[in-house]
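J.: Sharing a structure here in structure tokens format.
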There are 2 protein chains.
Amino acid sequence: MAENIFGGFKEYSVAEFFKKNRQMLGFSGKIRSLTTIVHEYMTNSLDACGEAGIHPEIEVWVEELEKNDRYKVKVRDNGPGIPEKILGKALGMMLAGTKFHRYVQQRGQQGIGAAGCTMYSLITTGQPVSVVSKHQGKKISCKLGIDFKGNKPVLTEVVREECPLEEHGLEVEGVFADTKYEKSAYGVGEYLKRTAIVNPHARIVFNSPEGDKFVYPKSIEDLPEKAEEVKPHPLGIGANDLLDIAKASKEYTKLSAMLQNEFTRISLNKVKELRELVPEVNLDMKPSKLSWDDAEKLVVGFKKIKWIAPATDSVIPIGKEQIEKSLRNILNPEVIYVTNRPPKIYRGGIPFVVEVGIAYGGDINKEGKGGVVMRFANRAPLLFDAGGCAITQTVKNVEWKRYEIRKFDEDPIAILVNLASVHVPYTSAGKQSISGEDDVEEEIRNALMEAGRHVQKHLSGRRREKEKSTKKKAIMRYVGQISGDMAELAGNKAEKEEIKVGLQKMIEERFE
Amino acid sequence: MAENIFGGFKEYSVAEFFKKNRQMLGFSGKIRSLTTIVHEYMTNSLDACGEAGIHPEIEVWVEELEKNDRYKVKVRDNGPGIPEKILGKALGMMLAGTKFHRYVQQRGQQGIGAAGCTMYSLITTGQPVSVVSKHQGKKISCKLGIDFKGNKPVLTEVVREECPLEEHGLEVEGVFADTKYEKSAYGVGEYLKRTAIVNPHARIVFNSPEGDKFVYPKSIEDLPEKAEEVKPHPLGIGANDLLDIAKASKEYTKLSAMLQNEFTRISLNKVKELRELVPEVNLDMKPSKLSWDDAEKLVVGFKKIKWIAPATDSVIPIGKEQIEKSLRNILNPEVIYVTNRPPKIYRGGIPFVVEVGIAYGGDINKEGKGGVVMRFANRAPLLFDAGGCAITQTVKNVEWKRYEIRKFDEDPIAILVNLASVHVPYTSAGKQSISGEDDVEEEIRNALMEAGRHVQKHLSGRRREKEKSTKKKAIMRYVGQISGDMAELAGNKAEKEEIKVGLQKMIEERFE
């Protein structure tokens with residue numbers, strides 16, 4: 001019996017795993033699958049342009065093919081392109097990429113995205129994707145597929161040519177079934193519109209299956225500041241990560257040198273402080289000799305020291321001014337407020353910053369849809385999995401009544417939340433919803449409340465104005481009567497007009 | 001520049017991936033992490049006993065250690081145990097297991113679970129887990145860790161002994177930090193209580209950190225029917241899966257033989273029908289020669305044939321009688337209804353069955369908590385990620401007012417939903433929420449509405465009874481007066497009592 005039970009024990013690859021569990025990558029349902037494909041290519045293009053310091057120009061085509069639920073998707077960018085030896089791995093291999101080990105703010109961070117699209121094409125149509133990459137004067141065209149068992153890329157029909165240096169970029173085209181285009185809150189159109197909102201430095205063009213061409217020209221000349229790769233911060237790092245870093249850094253002879261160089265904000269002075277706080281740990285030992293117990297003691301010591309906050313250049317927010325501009329453009333609201341809060345850190349010394357924009361009144365809710373929440377992570381729109389997202393939860397848990405927003409889902413209010421970080425804690429590989437990290441949730445909540453307070457000031461100011469105005473009107477109604485009565489009492493009806501004017505003037509002055 | 005961008009291109013292992021993204025395995029937040037650990041070990045124990053035909057006896061210890069947020073967790077079962085050559089892979093390697101390739105209903109299905117716990121112990125305390133396995137007279141004790149880079153198990157301090165054949169089972173013990181025990185809806189206690197509810201054939205004992213011992217004795221003698229491993233069904237299978245099966249089945253010389261043997265419900269007659277419907281595809285070809293286009297044509301042909309539904313023995317529900325018994329025990333409600341619906345299939349010919357139990361009134365809501373929804377997948381409780389779960393969504397979208405449940409969240413109503421399937425479409429590797437598959441959502445909805453209708457019958461019957469009773473009381477109030485008046489009119493006051501009794505009798509009869 002045991003033979004039967006354990007005879008079937010197998011190992012299998014990551015590619016096979018995600019092939020069977022594609023909904024974990026965002027391929028669940030036809031509409032969402034199509035949006036996911038566009039999302040993966042867009043984020044790669046924007047990231048590549050950002051790395052290379054290029055103003056992104058990205059064009060997307062979605063074309064419906066004759067068979068049901070089958071679409072051709074093409075995305076072309078003007079980024080640096082991909083060199084041949086990397087091409088296969090970048091688009092045809094799960095868990096391979098530049099982003100995993102790096103501690104820097106980027107849209108993609110897992111090395112699954114584009115390979116997931118290749119996978120989806122293969123499992124729904126049997127076809128590999130077509131790729132044209134122009135990189136440093138070399139142009140590669142090929143078909144690109146995946147060997148699932150070995151989690152390896154398969155390149156066929158490879159053509160190598162020369163091309164001018166000024167021509168550079170990547171073009172990916174694939175045919176996907178089990179997809180559907182829809183003009184809805186979850187469709188490609190809405191996704192690209194929101195992407196354009198938070199990436200004003202990019203020019204984005206979308207050619208829809210219905211023949212429409214949507215052009216989002218770039219609206220600012222400056223590129224966003226480039227996020228610097230950053231060292232971890234001592235606050236919040238766990239013993240395990242500390243041990244990993246110690247074991248990986250072979251170039252240091254002393255632990256103290258490793259700490260100063262591999263972490264941010266650890267200076268010679270802080271090392272001195274650490275020696276006094278944690279005398280049992282020899283800071284002159286070889287880093288590779290660090291034991292788990294020692295690592296734990298150091299982590300406790302870190303918590304007792306007063307540190308400077310992590311560097312701000314590691315996380316680049318969209319920016320208060322830009323969010324205001326965007327919200328004003330698309331929503332034309334009565335009130336806008338955007339936060340401008342400093343970065344914080346969560347688990348493992350990971351820096352993050354939260355931006356919240358609140359818009360109220362004006363053209364919002366003209367169609368009766370109140371309480372809109374637009375979620376972003378590192379400037380990438382999150383359209384799905386709202387229910388399981390920490391951003392959505394945190395917005396729900398705010399007592400909006402306190403801020404004079406009586407019915408959040410019906411009032412004319414729109415909220416934009418962007419979480420920028422070197423490592424966004426997604427709940428799943430589909431990357432559409434944020435996991436509940438205490439520090440992050442607390443900061444989102446504080447940002448929301450800050451914005452709420454400002455809206456409330458305006459709303460209660462408005463309310464007071466309204467009450468004042470109502471009072472004034474009420475009082476004015478009696479001025480005529482009172483003037484007449486006073487004139488009569490005074491024995492001179494002719495003075496009625498004079499008294500009336502005098503009273504009105506007094507009332508106006510009183511109500512200023 | 002390109003050198004800089006692409007110089008950092010690395011490949012990394014699945015273990016490294018989930019180490020960095022542990023929240024995807026359910027380790028997000030301290031309370032949830034502890035519950036996840038117990039969940040993974042419990043599901044493995046229940047599955048192993050199920051495979052071996054053993055009545056499960058499982059004991060769980062959770063003990064708080066001196067340091068903050070650090071607990072020792074031990075789980076011991078009386079299952080078959082694990083042989084030495086499999087032990088490391090089962091508990092120390094991601095994506096290895098017996099369940100991935102098999103098409104059978106089980107709690108675990110990804111081969112990540114227990115290795116994820118080993119991982120969590122290592123990254124939060126640096127310690128491997130301790131394992132004692134008694135299997136077919138051989139007892140192995142060891143410490144078990146993971147080499148993350150190579151995704152390989154690391155066994156140390158191995159002791160091999162003999163033991164009596166009647167002693168069998170697995171005991172795993174680990175020390176975990178970043179965990180927290182809480183008596184709440186999300187804690188270990190609630191998890192084990194719900195597990196006991198849907199596994200009445202098991203004896204479960206929980207020793208809490210506060211020193212309490214919770215014993216859930218087995219309440220039925222029969223073991224649940226064993227779910228048979230099943231072949232896929234032709235309806236709903238895609239071209240990709242068909243191609244995979246064709247290429248993997250080397251023992252057939254003809255495609256027709258492969259179809260009849262590798263699928264359920266494909267008989268010789270159906271093959272004949274297929275030949276007529278899809279003449280362009282030669283059903284006598286070697287299976288390995290099947291092309292994508294041919295596979296697509298076959299899939300289209302499948303859809304035109306009338307098939308018998310998939311076999312019922314591939315999915316074992318908990319059972320109407322058992323759910324009623326459990327709900328009555330714990331909730332003592334006024335009304336209970338449990339569905340008993342046949343299985344259906346979704347994507348890829350995957351059989352599933354939905355069971356819904358509704359309980360209303362009685363002791364429910366005594367503490368003011370209405371609208372409880374208990375979710376289960378293959379008898380494993382789903383406590384987390386309710387917001388993103390298709391079950392929760394579907395329950396929310398039912399118009400409960402139609403069924404006389406005016407305010408779902410406040411009325412004294414509790415709903416149990418169990419989804420049993422050979423492959424449960426989870427949204428993430430954390431396995432706490434169901435992905436939105438059309439066929440599954442529709443069936444859940446239908447089951448909920450069926451149960452709703454029954455509750456409504458009872459509630460409106462109850463309402464009518466109440467109205468009748470109110471009417472009757474109202475009328476009875478006047479009997480005395482009328483009797484007196486009638487007696488007087490008749491000229492004989494003495495008859496008042498007689499008339500009164502006669503009237504009352506008439507009214508009672510009328511209101512039966």
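Convention: chains lettered A, B, ... in structure tokens order; per-chain residue numbering from 1; ligands numbered from 1 as shown.
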Fewer than 6 positions away in the same chain doesn't count, so skip those; otherwise give me all residues within 8 Å of Val281 in chain B, counting only C-alpha atoms, as a list of chain:residue names.
T.: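 With the cut-off at 8 Å, the set is B:Arg275, B:Asp294, B:Lys297, B:Leu298.
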J.: Restrict the selected residues to C-alpha atoms and save them as a compact mmCIF listing (two decimals), in the first residue's frame.
T.:
# COMPACT_ATOMS: atom_id res chain seq x y z
CA ARG B 275 -14.96 9.85 -36.83
CA ASP B 294 -5.97 18.39 -35.03
CA LYS B 297 -10.64 20.07 -34.18
CA LEU B 298 -11.15 17.17 -31.79
J.: Just the residues within 12 Å of Phe263 in chain A, please, counting only C-alpha atoms, with nothing from its chain fewer than 4 positions along; format it as a list of chain:residue names.
T.: A:Tyr103, A:Glu229, A:Val230, A:Lys231, A:Pro232, A:His233, A:Pro234, A:Leu235, A:Ile237, A:Asp241, A:Leu242, A:Ile245, A:Ala246, A:Ser249, A:Leu255, A:Ser256, A:Ala257, A:Met258, A:Leu259, A:Ser267, A:Lys270, A:Val271, A:Phe302, A:Trp307, A:Pro310, A:Ala311, A:Gly348, A:Gly349, A:Ile350
J.: Matching each Cα of chain B to the same-order Cα of chain A and superposing by least squares, what RMSD do you find?
T.: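 C-alpha RMSD, chain B fitted to chain A: 0.6 Å.
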J.: Taking the DSSP assignment computed from this structure's backbone, write out as a VMD selection string all residues of range 279-497 of chain B that belong to strand (DSSP E).
T.: chain B and resid 335 to 338 344 to 346 350 to 360 372 to 377 380 to 382 413 to 421
J.: Which neighbours of range 125-141 of chain B fall inside 8 Å, counting only C-alpha atoms, when residues of the same chain fewer than 6 positions from it are skipped, and could you give them as a CSV table (one decimal) with N, CA, C and O atoms, in the first residue's frame?
T.:
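Saved to result31.csv:
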chain,number,residue,atom,x,y,z
A,239,ALA,N,16.8,38.3,11.6
A,239,ALA,CA,18.1,37.5,11.8
A,239,ALA,C,18.4,36.7,10.5
A,239,ALA,O,19.6,36.6,10.1
A,240,ASN,N,17.4,36.2,9.9
A,240,ASN,CA,17.6,35.3,8.7
A,240,ASN,C,18.2,36.1,7.5
A,240,ASN,O,19.2,35.7,6.9
A,292,TRP,N,23.4,32.1,14.1
A,292,TRP,CA,22.0,32.5,14.2
A,292,TRP,C,21.8,33.3,15.5
A,292,TRP,O,21.2,34.4,15.5
B,80,PRO,N,0.2,6.4,7.9
B,80,PRO,CA,1.1,5.3,7.5
B,80,PRO,C,2.6,5.7,7.8
B,80,PRO,O,3.5,4.8,7.7
B,81,GLY,N,2.9,7.0,8.1
B,81,GLY,CA,4.3,7.4,8.2
B,81,GLY,C,4.9,7.6,6.8
B,81,GLY,O,4.2,7.4,5.8
B,82,ILE,N,6.1,8.0,6.8
B,82,ILE,CA,6.7,8.3,5.5
B,82,ILE,C,8.1,7.5,5.4
B,82,ILE,O,8.9,7.6,6.3
B,83,PRO,N,8.3,6.8,4.3
B,83,PRO,CA,9.6,6.1,4.2
B,83,PRO,C,10.8,7.0,4.1
B,83,PRO,O,10.6,8.1,3.6
B,84,GLU,N,11.9,6.5,4.5
B,84,GLU,CA,13.1,7.4,4.5
B,84,GLU,C,13.5,8.1,3.2
B,84,GLU,O,13.8,9.3,3.2
B,118,THR,N,8.7,24.2,7.0
B,118,THR,CA,10.1,24.0,7.3
B,118,THR,C,10.8,25.3,6.9
B,118,THR,O,11.7,25.8,7.7
B,157,GLU,N,21.4,14.6,12.1
B,157,GLU,CA,21.1,13.9,13.3
B,157,GLU,C,20.1,12.7,13.1
B,157,GLU,O,19.2,12.5,13.8
B,158,VAL,N,20.4,12.0,12.0
B,158,VAL,CA,19.5,10.9,11.7
B,158,VAL,C,19.7,9.7,12.5
B,158,VAL,O,20.8,9.2,12.7
B,159,VAL,N,18.6,9.2,13.1
B,159,VAL,CA,18.7,7.9,14.0
B,159,VAL,C,17.7,6.9,13.4
B,159,VAL,O,16.5,7.2,13.2
B,160,ARG,N,18.2,5.7,13.1
B,160,ARG,CA,17.3,4.7,12.5
B,160,ARG,C,17.1,3.6,13.6
B,160,ARG,O,18.0,3.1,14.1
B,161,GLU,N,15.8,3.2,13.8
B,161,GLU,CA,15.5,2.2,14.7
B,161,GLU,C,14.5,1.3,14.1
B,161,GLU,O,13.8,1.6,13.1
B,162,GLU,N,14.2,0.2,14.9
B,162,GLU,CA,13.1,-0.7,14.5
B,162,GLU,C,11.9,-0.3,15.4
B,162,GLU,O,12.1,0.2,16.5
B,163,CYS,N,10.7,-0.6,14.9
B,163,CYS,CA,9.6,-0.4,15.8
B,163,CYS,C,8.5,-1.4,15.4
B,163,CYS,O,8.5,-1.9,14.3
B,164,PRO,N,7.6,-1.7,16.3
B,164,PRO,CA,6.5,-2.6,16.0
B,164,PRO,C,5.7,-2.2,14.8
B,164,PRO,O,5.5,-1.0,14.6
B,165,LEU,N,5.2,-3.1,14.0
B,165,LEU,CA,4.4,-2.7,12.8
B,165,LEU,C,3.2,-2.0,13.2
B,165,LEU,O,2.7,-1.1,12.4
B,166,GLU,N,2.6,-2.3,14.4
B,166,GLU,CA,1.3,-1.6,14.7
B,166,GLU,C,1.6,-0.1,15.1
B,166,GLU,O,0.6,0.6,15.2
B,167,GLU,N,2.8,0.2,15.3
B,167,GLU,CA,3.1,1.7,15.6
B,167,GLU,C,3.4,2.3,14.2
B,167,GLU,O,4.4,1.9,13.6
B,168,HIS,N,2.6,3.2,13.8
B,168,HIS,CA,2.9,3.9,12.6
B,168,HIS,C,2.4,5.4,12.7
B,168,HIS,O,1.4,5.7,13.4
B,169,GLY,N,3.0,6.2,11.9
B,169,GLY,CA,2.5,7.6,12.0
B,169,GLY,C,3.7,8.6,11.8
B,169,GLY,O,4.9,8.2,11.7
B,170,LEU,N,3.3,9.9,11.8
B,170,LEU,CA,4.3,10.9,11.6
B,170,LEU,C,4.1,12.0,12.7
B,170,LEU,O,3.0,12.3,13.1
B,171,GLU,N,5.3,12.4,13.2
B,171,GLU,CA,5.2,13.5,14.2
B,171,GLU,C,6.2,14.6,13.7
B,171,GLU,O,7.4,14.3,13.5
B,172,VAL,N,5.7,15.8,13.6
B,172,VAL,CA,6.6,16.9,13.2
B,172,VAL,C,6.5,17.9,14.3
B,172,VAL,O,5.4,18.3,14.8
B,173,GLU,N,7.7,18.5,14.7
B,173,GLU,CA,7.7,19.5,15.7
B,173,GLU,C,8.7,20.6,15.2
B,173,GLU,O,9.8,20.3,14.8
B,174,GLY,N,8.2,21.8,15.4
B,174,GLY,CA,9.1,23.0,15.0
B,174,GLY,C,8.9,24.1,15.9
B,174,GLY,O,7.9,24.3,16.6
B,175,VAL,N,9.9,25.0,15.9
B,175,VAL,CA,9.8,26.2,16.7
B,175,VAL,C,9.7,27.4,15.7
B,175,VAL,O,10.6,27.5,14.7
B,176,PHE,N,8.7,28.2,15.8
B,176,PHE,CA,8.4,29.3,14.8
B,176,PHE,C,8.3,30.6,15.5
B,176,PHE,O,7.6,30.7,16.5
B,177,ALA,N,9.0,31.6,15.0
B,177,ALA,CA,8.8,33.0,15.5
B,177,ALA,C,7.9,33.7,14.5
B,177,ALA,O,7.4,33.1,13.6
J.: Can you pull out the residues contacting Asn151 in chain B? Cut-off 12 Å, using only C-alpha atoms, and skip same-chain residues under 5 positions away; I want them as a list in words.
T.: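 Non-adjacent residues within range: Glu11, Tyr12, Ser13 and Val14 of chain A; Tyr12, Ser13, Val14, Ala15, Glu16, Phe17, Phe18, Lys19, Gly88, Lys89, Leu91, Gly92, Met93, Met94, Leu95, Ala96, Ile112, Ala115, Gly116, Met119, Gly145 and Ile146 of chain B.
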J.: Please, could you write that set of residues out with N, CA and C atoms as a compact mmCIF listing (two decimals), in the first residue's frame?
T.:
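File produced: selection18.txt:
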# COMPACT_ATOMS: atom_id res chain seq x y z
N GLU A 11 9.02 15.12 -8.91
CA GLU A 11 9.36 16.53 -8.81
C GLU A 11 8.91 17.19 -10.09
N TYR A 12 8.58 18.45 -10.01
CA TYR A 12 8.19 19.12 -11.25
C TYR A 12 8.66 20.57 -11.25
N SER A 13 8.69 21.14 -12.42
CA SER A 13 9.31 22.46 -12.56
C SER A 13 8.31 23.58 -12.26
N VAL A 14 8.88 24.74 -12.08
CA VAL A 14 8.07 25.93 -11.85
C VAL A 14 7.14 26.19 -13.02
N TYR B 12 16.90 31.81 -10.37
CA TYR B 12 16.83 31.43 -8.97
C TYR B 12 15.77 30.35 -8.75
N SER B 13 15.88 29.68 -7.62
CA SER B 13 15.06 28.50 -7.40
C SER B 13 13.70 28.87 -6.82
N VAL B 14 12.82 27.89 -6.89
CA VAL B 14 11.48 28.05 -6.34
C VAL B 14 11.55 28.33 -4.84
N ALA B 15 12.47 27.66 -4.15
CA ALA B 15 12.58 27.87 -2.70
C ALA B 15 12.98 29.30 -2.41
N GLU B 16 13.90 29.85 -3.19
CA GLU B 16 14.31 31.24 -2.99
C GLU B 16 13.14 32.17 -3.27
N PHE B 17 12.36 31.81 -4.28
CA PHE B 17 11.22 32.64 -4.65
C PHE B 17 10.22 32.73 -3.50
N PHE B 18 9.81 31.58 -2.96
CA PHE B 18 8.82 31.61 -1.89
C PHE B 18 9.42 32.10 -0.58
N LYS B 19 10.72 32.03 -0.44
CA LYS B 19 11.35 32.58 0.75
C LYS B 19 11.16 34.10 0.76
N GLY B 88 12.71 13.44 3.09
CA GLY B 88 13.31 14.74 2.80
C GLY B 88 12.54 15.49 1.75
N LYS B 89 12.17 14.81 0.70
CA LYS B 89 11.46 15.49 -0.39
C LYS B 89 10.09 15.97 0.08
N LEU B 91 9.07 16.92 3.03
CA LEU B 91 9.04 18.02 3.99
C LEU B 91 10.10 19.08 3.75
N GLY B 92 10.99 18.85 2.76
CA GLY B 92 12.08 19.80 2.58
C GLY B 92 12.33 20.22 1.16
N MET B 93 11.29 20.12 0.34
CA MET B 93 11.50 20.48 -1.06
C MET B 93 10.20 21.03 -1.61
N MET B 94 10.30 22.20 -2.23
CA MET B 94 9.09 22.78 -2.82
C MET B 94 8.77 22.08 -4.13
N LEU B 95 7.52 22.02 -4.47
CA LEU B 95 7.07 21.45 -5.74
C LEU B 95 7.53 20.02 -5.93
N ALA B 96 7.37 19.22 -4.88
CA ALA B 96 7.62 17.78 -5.01
C ALA B 96 6.53 17.11 -4.22
N ILE B 112 3.65 22.09 -1.89
CA ILE B 112 4.41 23.14 -1.23
C ILE B 112 4.23 23.07 0.27
N ALA B 115 6.76 21.76 3.23
CA ALA B 115 8.08 22.35 3.01
C ALA B 115 8.03 23.84 3.32
N GLY B 116 6.88 24.48 3.09
CA GLY B 116 6.73 25.89 3.44
C GLY B 116 6.87 26.10 4.93
N MET B 119 10.47 25.87 5.80
CA MET B 119 11.07 27.14 5.39
C MET B 119 10.82 28.21 6.45
N GLY B 145 15.96 20.31 7.31
CA GLY B 145 16.00 21.70 6.83
C GLY B 145 15.99 21.75 5.31
N ILE B 146 16.22 22.95 4.76
CA ILE B 146 16.20 23.12 3.29
C ILE B 146 17.45 23.88 2.83
J.: Between CA of Leu327 in chain A and CA of Thr339 in chain A, what distance in Å does the model show, to one decimal?
T.: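 About the pair CA of Leu327 in chain A and CA of Thr339 in chain A: they are 13.2 Å apart.
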J.: Find the distance between CA of Ile204 in chain A and CA of Glu59 in chain A and write it in Å to one decimal.
T.: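 Between these atoms lies a distance of 5.9 Å.
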J.: List every residue of range 328-418 of chain A that DSSP, applied to the backbone of this structure, places in alpha helix (DSSP H), and write the result as a PyMOL selection string.
T.: chain A and resi 328-331+390-397
J.: Could the residues in this selection be saved with all heavy atoms as a tab-separated table (two decimals), in the first residue's frame?
T.:
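part.tsv was written with the following content:
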chain	number	residue	atom	x	y	z
A	328	ARG	N	-7.23	66.44	-11.65
A	328	ARG	CA	-8.02	67.57	-12.12
A	328	ARG	C	-8.44	67.38	-13.58
A	328	ARG	O	-9.58	67.62	-13.94
A	328	ARG	CB	-7.20	68.86	-11.98
A	328	ARG	CG	-8.05	70.08	-11.61
A	328	ARG	CD	-7.18	71.29	-11.38
A	328	ARG	NE	-6.48	71.27	-10.10
A	328	ARG	CZ	-7.04	71.52	-8.93
A	328	ARG	NH1	-8.32	71.78	-8.86
A	328	ARG	NH2	-6.32	71.48	-7.82
A	329	ASN	N	-7.51	66.88	-14.37
A	329	ASN	CA	-7.82	66.66	-15.79
A	329	ASN	C	-8.95	65.68	-16.00
A	329	ASN	O	-9.87	65.93	-16.77
A	329	ASN	CB	-6.58	66.09	-16.51
A	329	ASN	CG	-5.62	67.19	-16.89
A	329	ASN	OD1	-5.96	68.37	-16.80
A	329	ASN	ND2	-4.44	66.81	-17.32
A	330	ILE	N	-8.86	64.54	-15.37
A	330	ILE	CA	-9.85	63.52	-15.72
A	330	ILE	C	-11.15	63.64	-14.92
A	330	ILE	O	-12.20	63.20	-15.38
A	330	ILE	CB	-9.30	62.09	-15.54
A	330	ILE	CG1	-8.64	61.92	-14.18
A	330	ILE	CG2	-8.39	61.71	-16.65
A	330	ILE	CD1	-8.65	60.50	-13.72
A	331	LEU	N	-11.09	64.20	-13.71
A	331	LEU	CA	-12.29	64.18	-12.87
A	331	LEU	C	-12.95	65.55	-12.70
A	331	LEU	O	-14.12	65.63	-12.34
A	331	LEU	CB	-11.95	63.62	-11.48
A	331	LEU	CG	-11.49	62.16	-11.46
A	331	LEU	CD1	-11.07	61.76	-10.05
A	331	LEU	CD2	-12.59	61.23	-11.94
A	390	ALA	N	-4.96	44.98	0.59
A	390	ALA	CA	-4.85	45.77	1.82
A	390	ALA	C	-5.25	47.22	1.60
A	390	ALA	O	-5.75	47.88	2.51
A	390	ALA	CB	-3.42	45.69	2.35
A	391	ILE	N	-5.05	47.73	0.38
A	391	ILE	CA	-5.44	49.12	0.11
A	391	ILE	C	-6.96	49.26	0.23
A	391	ILE	O	-7.48	50.13	0.92
A	391	ILE	CB	-5.00	49.58	-1.30
A	391	ILE	CG1	-3.48	49.62	-1.39
A	391	ILE	CG2	-5.59	50.94	-1.64
A	391	ILE	CD1	-2.94	49.99	-2.77
A	392	THR	N	-7.67	48.36	-0.44
A	392	THR	CA	-9.14	48.38	-0.39
A	392	THR	C	-9.63	48.24	1.05
A	392	THR	O	-10.52	48.98	1.49
A	392	THR	CB	-9.74	47.25	-1.24
A	392	THR	OG1	-9.12	47.25	-2.52
A	392	THR	CG2	-11.23	47.42	-1.39
A	393	GLN	N	-9.05	47.29	1.77
A	393	GLN	CA	-9.47	47.05	3.15
A	393	GLN	C	-9.28	48.29	4.00
A	393	GLN	O	-10.14	48.68	4.78
A	393	GLN	CB	-8.64	45.92	3.77
A	393	GLN	CG	-8.99	44.54	3.26
A	393	GLN	CD	-10.46	44.27	3.35
A	393	GLN	OE1	-11.09	44.51	4.37
A	393	GLN	NE2	-11.05	43.79	2.27
A	394	THR	N	-8.11	48.91	3.83
A	394	THR	CA	-7.80	50.07	4.65
A	394	THR	C	-8.73	51.23	4.33
A	394	THR	O	-9.19	51.94	5.24
A	394	THR	CB	-6.33	50.48	4.45
A	394	THR	OG1	-5.51	49.32	4.52
A	394	THR	CG2	-5.89	51.46	5.52
A	395	VAL	N	-9.04	51.41	3.04
A	395	VAL	CA	-9.98	52.47	2.68
A	395	VAL	C	-11.34	52.19	3.32
A	395	VAL	O	-11.98	53.07	3.88
A	395	VAL	CB	-10.13	52.58	1.14
A	395	VAL	CG1	-11.30	53.49	0.79
A	395	VAL	CG2	-8.86	53.09	0.52
A	396	LYS	N	-11.76	50.94	3.26
A	396	LYS	CA	-13.06	50.57	3.85
A	396	LYS	C	-13.12	50.84	5.34
A	396	LYS	O	-14.16	51.20	5.88
A	396	LYS	CB	-13.29	49.07	3.63
A	396	LYS	CG	-14.39	48.73	2.66
A	396	LYS	CD	-14.82	47.30	2.82
A	396	LYS	CE	-15.00	46.66	1.44
A	396	LYS	NZ	-15.30	45.25	1.50
A	397	ASN	N	-11.98	50.61	6.02
A	397	ASN	CA	-11.99	50.70	7.47
A	397	ASN	C	-11.91	52.12	8.02
A	397	ASN	O	-12.01	52.33	9.22
A	397	ASN	CB	-10.83	49.88	8.06
A	397	ASN	CG	-11.06	48.38	7.87
A	397	ASN	OD1	-12.20	47.96	7.66
A	397	ASN	ND2	-10.00	47.61	7.94
